[in-house]
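A.B. asks: Pasting a structure below so you can have a look.
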Amino acid sequence: MTDLEELRRGTDLVKRGFARMQKGGVIMDVVNAEQARIAEDCGAVAVMSLEAVPADIRKRGGVARMADPAALTEILDEVSIPVMGKARIGHQKEAEILEAKGADMIDESEVLTPADDDYHIDKRDFTAPFVCGARNLGEALRRIDEGAAMIRTKGEAGTGDVNQAVTHQRAIKGAIRQLEGMAYEERERWAREHGAPRDLVHETAEMGRLPVVNFAAGGIATPADAALMMHHGCDGIFVGSGIFGAENPEAMGTAIVEAVNNWDDPDRLAEIATNVGKGMKGQSNADMAEEEKLQGRGV
Ligand SMILES: O=C(CO)[C@H](O)[C@H](O)COP(=O)(O)O
């Protein structure tokens, strides 16, 4: 890459800036061009190409991999909004394929079966920005150190239960508030204890927020869920199973976008949440065995 290309496409500044452009919006999981068209019409700011939404991945079992890149191409041809693609944790080659096929952003996702139990992809080598999941601030800062330009809560994908997304967002925000009140040497100790890069710990404390945008994901299934995550300080929302698993995907998708735009207006939210049809059936996190959970993958 020439210096000019590097400046235009590959720097942290450009990658984080691209991620920031999705702020205030809803990113929807889609499995084909037809769903991508519906998502764009509902007002999604971006779509995520994947083989099956997390609820279906759970039902189906087996190994979940990157989708056939042909689906990404079809979706890129169909919509004008950014198109993201999912790679397995630690699967450098899936990510390279997605980048070569023109994915606007890559999700190194715990929803797919991890390719590497110990290491994530070195995301700094890519010109495409990455999003990664996190359950707490230590995880979030490790992913940013590896080059992630956007963090999302892991939640518990495919359940339609927002409980874990709330838990993860509270953990991230709570730890940032603690850091803000700490002296320099206390933050140094916090960094050691949480396996977090010390420069990013200081930067986060000084900014009073993550140095990249912080979206919510995993279990968001209704307009009220989306508004709740905005109330908890998220910059935007990912929705997978909750739209195309709903009785009326168009109505649910539009209502979730509207709810994100109006999360702080209860009267408007009440209108938005009325008559959207049944949400996905879902599964409570409380009833789920530890080994069924996806959130513990890739810490
Ligand atoms: O997989 C994702 C992120 O990697 C999804 O966008 C998100 O987590 C989907 O979860 P859900 O189906 O519960 O909405």
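The way I read the labels, and the way they are meant: chains A, B, ... in the order of the structure tokens, residue 1 as the first residue of every chain, and ligand 1 as the first ligand shown, with later ones counted on from there.
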Check which residues fall inside 9 Å of ligand 1 when counting only C-alpha atoms and all ligand atoms, and print them as a ChimeraX atom specification.

C.D. replies: /A:27-29,47-48,50,53-56,86,107-112,131-133,152-162,216-221,237-243,245

A.B. asks: List every residue of stretch 12-93 of chain A that DSSP, applied to the backbone, labels as strand (DSSP E or B), and write the result as an NGL selection string.

C.D. replies: :A and (26-30 or 46-49 or 83-88)

A.B. asks: Could you please take those selected residues and save N, CA and C atoms as a tab-separated table (two decimals), in the first residue's frame?

C.D. replies:
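Wrote result-v9.tsv, looks like this:
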```tsv
chain	number	residue	atom	x	y	z
A	26	VAL	N	-29.00	1.42	13.45
A	26	VAL	CA	-29.25	-0.01	13.67
A	26	VAL	C	-28.58	-0.81	12.55
A	27	ILE	N	-27.79	-1.80	12.93
A	27	ILE	CA	-27.12	-2.67	11.96
A	27	ILE	C	-27.83	-4.03	12.02
A	28	MET	N	-28.32	-4.47	10.87
A	28	MET	CA	-29.18	-5.67	10.87
A	28	MET	C	-28.49	-6.86	10.20
A	29	ASP	N	-28.59	-8.03	10.84
A	29	ASP	CA	-28.10	-9.28	10.25
A	29	ASP	C	-29.02	-9.67	9.09
A	30	VAL	N	-28.42	-10.06	7.97
A	30	VAL	CA	-29.21	-10.53	6.81
A	30	VAL	C	-28.50	-11.73	6.19
A	46	ALA	N	-26.53	-0.10	8.25
A	46	ALA	CA	-25.62	-1.07	7.63
A	46	ALA	C	-26.25	-2.44	7.79
A	47	VAL	N	-25.78	-3.40	7.00
A	47	VAL	CA	-26.23	-4.78	7.18
A	47	VAL	C	-25.03	-5.68	7.38
A	48	MET	N	-25.27	-6.80	8.02
A	48	MET	CA	-24.23	-7.80	8.30
A	48	MET	C	-24.58	-9.08	7.56
A	49	SER	N	-23.72	-9.49	6.64
A	49	SER	CA	-23.98	-10.72	5.89
A	49	SER	C	-23.52	-11.93	6.72
A	83	VAL	N	-21.91	-2.81	4.00
A	83	VAL	CA	-22.17	-4.24	4.19
A	83	VAL	C	-21.00	-4.85	4.98
A	84	MET	N	-21.35	-5.46	6.09
A	84	MET	CA	-20.33	-6.09	6.94
A	84	MET	C	-20.38	-7.60	6.73
A	85	GLY	N	-19.31	-8.27	7.12
A	85	GLY	CA	-19.30	-9.73	7.04
A	85	GLY	C	-18.68	-10.31	8.30
A	86	LYS	N	-19.05	-11.54	8.62
A	86	LYS	CA	-18.56	-12.15	9.86
A	86	LYS	C	-17.47	-13.17	9.58
A	87	ALA	N	-16.39	-13.07	10.37
A	87	ALA	CA	-15.32	-14.07	10.33
A	87	ALA	C	-15.24	-14.73	11.70
A	88	ARG	N	-14.73	-15.98	11.72
A	88	ARG	CA	-14.55	-16.66	13.01
A	88	ARG	C	-13.42	-16.01	13.81
```

A.B. asks: Between A:Lys23, A:Glu206, A:Glu146, A:Glu99, which residue has the minimum interatomic distance to A:Asn261, considering only C-alpha atoms?

C.D. replies: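 Smallest distance to A:Asn261 is found for A:Lys23.
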
A.B. asks: At a cut-off of 7 Å, using only C-alpha atoms, what residues contact A:Ala226? Leave out same-chain residues fewer than 2 positions from it and give the result as JSON, numbers by chain.

C.D. replies: {"A": [220, 222, 223, 224, 228, 229, 230, 237, 256, 259, 260]}
